[in-house]
Amino acid sequence: MNIKHILIVFKKEMKDCFRDKKSVISNILLPIFLIPIMYSIMNMVMTSTTKEIENNMKIGIVYTQNIEQAKSFTQNNIVATEKIDVLTYSNEQDATENLMNGNINCVIIYPQDFFENMQNSKISDIKLKFNSTKNSSQSAIQIISSKFAILNSNLAAGKLKELNIPTEILSLITIKTEDAHIVVDSGENKDAANGALIMILPMYLGIIIVTAGMPLALDLFAGERERNTFEALFSTKAKRLSILLGKYAAVLVFSIIAIFTSFIGLILGIVMNPEMFIADKSETLNITTILASLNMSLSTLILVLLSCITLAIVFGGIQIAISTYAKSLKGAQTYLSYITILAMIPSFASMMLGAGDMKMFMSFIPIFNTVSSLKMTLSGIVNNNFLFTSIAVNLVFSAIVSYIVIKMFKNEKIIVR
Amino acid sequence: MIKLVNLSKNFGSKEAVSNLNLEIKDGEIFGLLGENGAGKTTTLRMLATMLKPTSGNAIINGYDSVKNDEKVRENIGILFGGETGLYDRLTARENIEYFANLYDMEKSKIKKTIENIVKIFNMSDYIDKRTSIFSKGMKQKTAFARATIHNPSILLLDEPTSGLDITAAKQVHDFIKSYKHENRTIIFSSHSMDEIEKLCDRIAIIHKGKTIEIGTLDEIKKKYNNNNLSDIFSDLISKGGNDYEY
């Protein structure tokens, strides 16, 4: 091994890589722009769908007796806005047909003795019908149900007033929930930003770490074989180990740059579309709150970074091994696509668990351990044992993968084909 | 000087090269003639230290190809295949410099050598252009420059004109001749009789990994009483050849 040769190979590969416009655009520049654009489009579509439902909602009512009375009651007491059209039907079948055809978003079916029951303070069973295959119908049923709930509580309150009973008895128990794990001195913003980040960031970074080095690993090994440049390279004074390490370092640096730019893209996407990530409109979500939520201790930050870097080393090595073993660039691409799918499974699996649900044995599962470490840390749970074990496990895997790659690179049956 | 002593290479149960014995003198152009799969490339790869012999030795300028592989690589330059791969996104100069750096050449020497190469090969118009836009001839010149930047005394060429057009092939021939004039050794593998006759001082005909004939062109033609090398080659191959005793 010769450090000078490693650096020569590394510098050449980085120069070569950054001149590949396709690779730089798709792996480094595109994530910065594409992720915010993608979120903005999603946000735009979601907002316009919601607005369209709010402004063009049509509901049908079915009442077998005085339909005009039912319409007027619905308009004044349920809908209470001119934006929602109320259409009348004489029977349930007609209304259902129109609902299925998309002419109306939901149907309210009043029982025969509805108004008499109302007057006598008796219970009435109202039937609401919707079409579960249409989002607009699902939204409409939620709106109408909540309006009925308000009406119900107003009617009950009115009745209690008539009987001189305080309306407070309607809510004898009030519930206030509090998350015990949130550290008070970190401020309210921490929770707001974390909600968005905990959900997406760990899984997203896990996938990026696993896949980011792929284009360069393909080019530097399978590509080198396809260009017939390996033989010339091996005839120089540089030892194979130096050549391998120079290339390995280039794949890692490229991965880290791609991870960094993807991270920037994600943060920009969240900042540009805060309404997609926070349920409570009173909360704020901007670059300051996001950075504040990342305000972990330096030692924790270093441990999390180490976990990410060691995972990148493992997957950089796996990509190099596959790219070296494959007889052609196309073959390498096929093998790597299978590995990527396999590697994505633990990333997605971590989404199913809360940050507090992580068990110690999970730190022994590569990818899952790094993604879980990120999730826990962003949630304010600092578990040094979990972090240290994750790094140690990743290091062991890095050593195994590196050993295999070095063996492969020295194996003339694999290299000289 | 190159000396091969009982050089053999097996791939599993397949014997790719079997007990090859050769001695090639300084300043000689030595041709390896054989069909595809005869063992020419395997032999050259063993000389270039890319493959380790199963048995026997290859001694290049006094260095053993296994024990002193780094020293051997300092002494040789290789060009395998007609359109030898270059890095398309690098310029011709960067391609050459990359290899010069890996041969531990000093910067000032690299600069001077490249200037010299540019003059010899008439590359001044495109030395700083990316090789992706090069013609085959321009690529070939760059590949030769890259293979010889460290001034090796031995050049291993494996079918260097394969896939090249007439003009580019002629450039290769001219280069080989010019290299010989500097008293350097060239081992040249080909299955083109024309090329072999035009360039080589001596040849070895290889079949199924074994040397079946060795000598100067005149010696071989005289031995078989035939002026046509192609006919001699075909006859030897069809008979399966007798192992040449060195």
# chains A, B, ... in the order shown; residues from 1 in each chain; ligands from 1

$ interface_residues --of "chain A" --to "chain B" --cutoff "6 Å" --atoms "only C-alpha atoms" --output "list in words"
Asp16, Arg227, Asn228, Thr229, Ser235, Thr236, Lys237 and Ala238 of chain A

$ write_last_selection --atoms "N, CA, C and O atoms" --output "short mmCIF file (atom, residue, chain, number, x, y, z; two decimals), in the first residue's frame"
data_model
loop_
_atom_site.label_atom_id
_atom_site.label_comp_id
_atom_site.auth_asym_id
_atom_site.auth_seq_id
_atom_site.Cartn_x
_atom_site.Cartn_y
_atom_site.Cartn_z
N ASP A 16 -12.56 12.78 -12.69
CA ASP A 16 -13.30 12.06 -13.74
C ASP A 16 -14.79 12.08 -13.43
O ASP A 16 -15.63 12.35 -14.29
N ARG A 227 -14.12 -0.73 -20.28
CA ARG A 227 -13.29 0.18 -21.09
C ARG A 227 -11.90 -0.41 -21.38
O ARG A 227 -11.09 0.21 -22.05
N ASN A 228 -11.62 -1.58 -20.81
CA ASN A 228 -10.31 -2.22 -20.96
C ASN A 228 -9.17 -1.40 -20.35
O ASN A 228 -8.06 -1.39 -20.86
N THR A 229 -9.46 -0.67 -19.30
CA THR A 229 -8.42 0.15 -18.69
C THR A 229 -7.76 -0.51 -17.47
O THR A 229 -6.72 -0.08 -17.01
N SER A 235 -0.63 -2.51 -14.78
CA SER A 235 0.75 -2.65 -15.24
C SER A 235 1.63 -1.50 -14.73
O SER A 235 2.82 -1.47 -14.97
N THR A 236 1.02 -0.56 -14.00
CA THR A 236 1.82 0.55 -13.44
C THR A 236 2.49 0.07 -12.15
O THR A 236 2.24 -1.04 -11.69
N LYS A 237 3.27 0.96 -11.55
CA LYS A 237 3.97 0.60 -10.31
C LYS A 237 3.01 0.45 -9.12
O LYS A 237 3.35 -0.19 -8.13
N ALA A 238 1.82 1.06 -9.25
CA ALA A 238 0.88 1.04 -8.11
C ALA A 238 0.41 -0.37 -7.82
O ALA A 238 0.09 -1.12 -8.74
#

$ select_by_dssp --residues "segment 67-286 of chain A" --states "alpha helix (DSSP H)" --output "NGL selection string"
:A and (67-73 or 92-101 or 114-119 or 135-162 or 188-211 or 214-217 or 223-226 or 230-234 or 240-272)

$ atom_distance --atom1 "atom CA of Ile237 of chain B" --atom2 "atom CA of Gly37 of chain B"
12.8 Å

$ residues_around --residues "segment 172-175 of chain B" --least-positions-apart "3" --cutoff "9 Å" --atoms "only C-alpha atoms" --output "count of residues only"
15

$ closest_residue --among "B:Glu115, B:Glu182, B:Asp194, B:Glu106" --to "Leu217 of chain B" --atoms "only C-alpha atoms"
B:Asp194

$ residues_around --residues "Ile341 of chain A" --least-positions-apart "5" --cutoff "12 Å" --atoms "only C-alpha atoms" --output "short mmCIF file (atom, residue, chain, number, x, y, z; two decimals) with N, CA and C atoms, in the first residue's frame"
data_model
loop_
_atom_site.label_atom_id
_atom_site.label_comp_id
_atom_site.auth_asym_id
_atom_site.auth_seq_id
_atom_site.Cartn_x
_atom_site.Cartn_y
_atom_site.Cartn_z
N ILE A 207 -31.92 5.12 2.97
CA ILE A 207 -31.96 4.71 1.55
C ILE A 207 -30.86 5.41 0.76
N VAL A 210 -27.43 3.93 1.41
CA VAL A 210 -27.28 2.62 0.78
C VAL A 210 -27.09 2.74 -0.74
N THR A 211 -27.71 3.73 -1.34
CA THR A 211 -27.70 3.79 -2.82
C THR A 211 -26.77 4.86 -3.41
N THR A 334 -27.71 -4.83 -12.83
CA THR A 334 -28.79 -5.76 -12.46
C THR A 334 -28.59 -6.27 -11.04
N TYR A 335 -27.37 -6.73 -10.73
CA TYR A 335 -27.10 -7.25 -9.38
C TYR A 335 -27.34 -6.17 -8.32
N LEU A 336 -26.89 -4.95 -8.62
CA LEU A 336 -27.01 -3.89 -7.62
C LEU A 336 -28.46 -3.49 -7.38
N PRO A 346 -35.08 -2.92 5.57
CA PRO A 346 -34.91 -2.45 6.96
C PRO A 346 -35.22 -0.96 7.14
N SER A 347 -34.94 -0.16 6.09
CA SER A 347 -35.23 1.28 6.19
C SER A 347 -36.72 1.50 6.37
N PHE A 348 -37.51 0.82 5.55
CA PHE A 348 -38.97 0.98 5.65
C PHE A 348 -39.49 0.36 6.95
#

$ select_by_dssp --residues "segment 126-178 of chain B" --states "strand (DSSP E)" --output "PDB file with N, CA and C atoms, in the first residue's frame"
ATOM      1  N   ILE B 154      10.964  -2.558 -22.431  1.00  0.00           N
ATOM      2  CA  ILE B 154      10.221  -3.663 -23.060  1.00  0.00           C
ATOM      3  C   ILE B 154       8.777  -3.232 -23.280  1.00  0.00           C
ATOM      4  N   LEU B 155       8.255  -3.553 -24.446  1.00  0.00           N
ATOM      5  CA  LEU B 155       6.864  -3.219 -24.744  1.00  0.00           C
ATOM      6  C   LEU B 155       6.110  -4.500 -25.095  1.00  0.00           C
ATOM      7  N   LEU B 156       4.991  -4.720 -24.391  1.00  0.00           N
ATOM      8  CA  LEU B 156       4.176  -5.904 -24.657  1.00  0.00           C
ATOM      9  C   LEU B 156       2.928  -5.455 -25.405  1.00  0.00           C
ATOM     10  N   LEU B 157       2.770  -5.938 -26.623  1.00  0.00           N
ATOM     11  CA  LEU B 157       1.641  -5.504 -27.445  1.00  0.00           C
ATOM     12  C   LEU B 157       0.777  -6.712 -27.792  1.00  0.00           C
ATOM     13  N   ASP B 158      -0.480  -6.685 -27.343  1.00  0.00           N
ATOM     14  CA  ASP B 158      -1.370  -7.806 -27.632  1.00  0.00           C
ATOM     15  C   ASP B 158      -2.376  -7.378 -28.704  1.00  0.00           C
TER      16      ASP B 158
END

$ residues_around --residues "segment 302-314 of chain A" --least-positions-apart "4" --cutoff "10 Å" --atoms "only C-alpha atoms" --output "PyMOL selection string"
chain A and resi 205-206+208-213+248-249+251-253+255-256+259+296-298+318-320+366-367+369-371+373-374+377+384+387-402

$ residues_around --residues "Gly62 of chain B" --least-positions-apart "2" --cutoff "9 Å" --atoms "only C-alpha atoms" --output "PyMOL selection string"
chain B and resi 1-3+59-60+64+72

$ write_last_selection --atoms "N, CA and C atoms" --output "compact mmCIF listing (two decimals), in the first residue's frame"
# COMPACT_ATOMS: atom_id res chain seq x y z
N MET B 1 16.50 -8.17 -21.43
CA MET B 1 16.30 -9.51 -21.95
C MET B 1 15.15 -10.22 -21.22
N ILE B 2 14.45 -11.04 -21.98
CA ILE B 2 13.33 -11.77 -21.38
C ILE B 2 13.62 -13.27 -21.48
N LYS B 3 13.40 -13.95 -20.37
CA LYS B 3 13.64 -15.40 -20.39
C LYS B 3 12.45 -16.11 -19.74
N ILE B 59 11.54 -14.22 -16.41
CA ILE B 59 12.56 -13.27 -15.91
C ILE B 59 12.66 -12.13 -16.92
N ILE B 60 12.39 -10.93 -16.44
CA ILE B 60 12.38 -9.75 -17.31
C ILE B 60 13.46 -8.79 -16.82
N ASP B 64 12.32 -11.38 -11.50
CA ASP B 64 11.31 -12.43 -11.57
C ASP B 64 9.92 -11.79 -11.53
N VAL B 72 9.44 -5.39 -12.31
CA VAL B 72 9.10 -5.83 -13.68
C VAL B 72 8.21 -4.78 -14.33

$ residues_around --residues "Ser230 of chain B" --least-positions-apart "3" --cutoff "9 Å" --atoms "only C-alpha atoms" --output "ChimeraX atom specification"
/B:193-194,233-235

$ atom_distance --atom1 "atom CA of Ala38 of chain B" --atom2 "atom CA of Gly209 of chain B"
5.4 Å
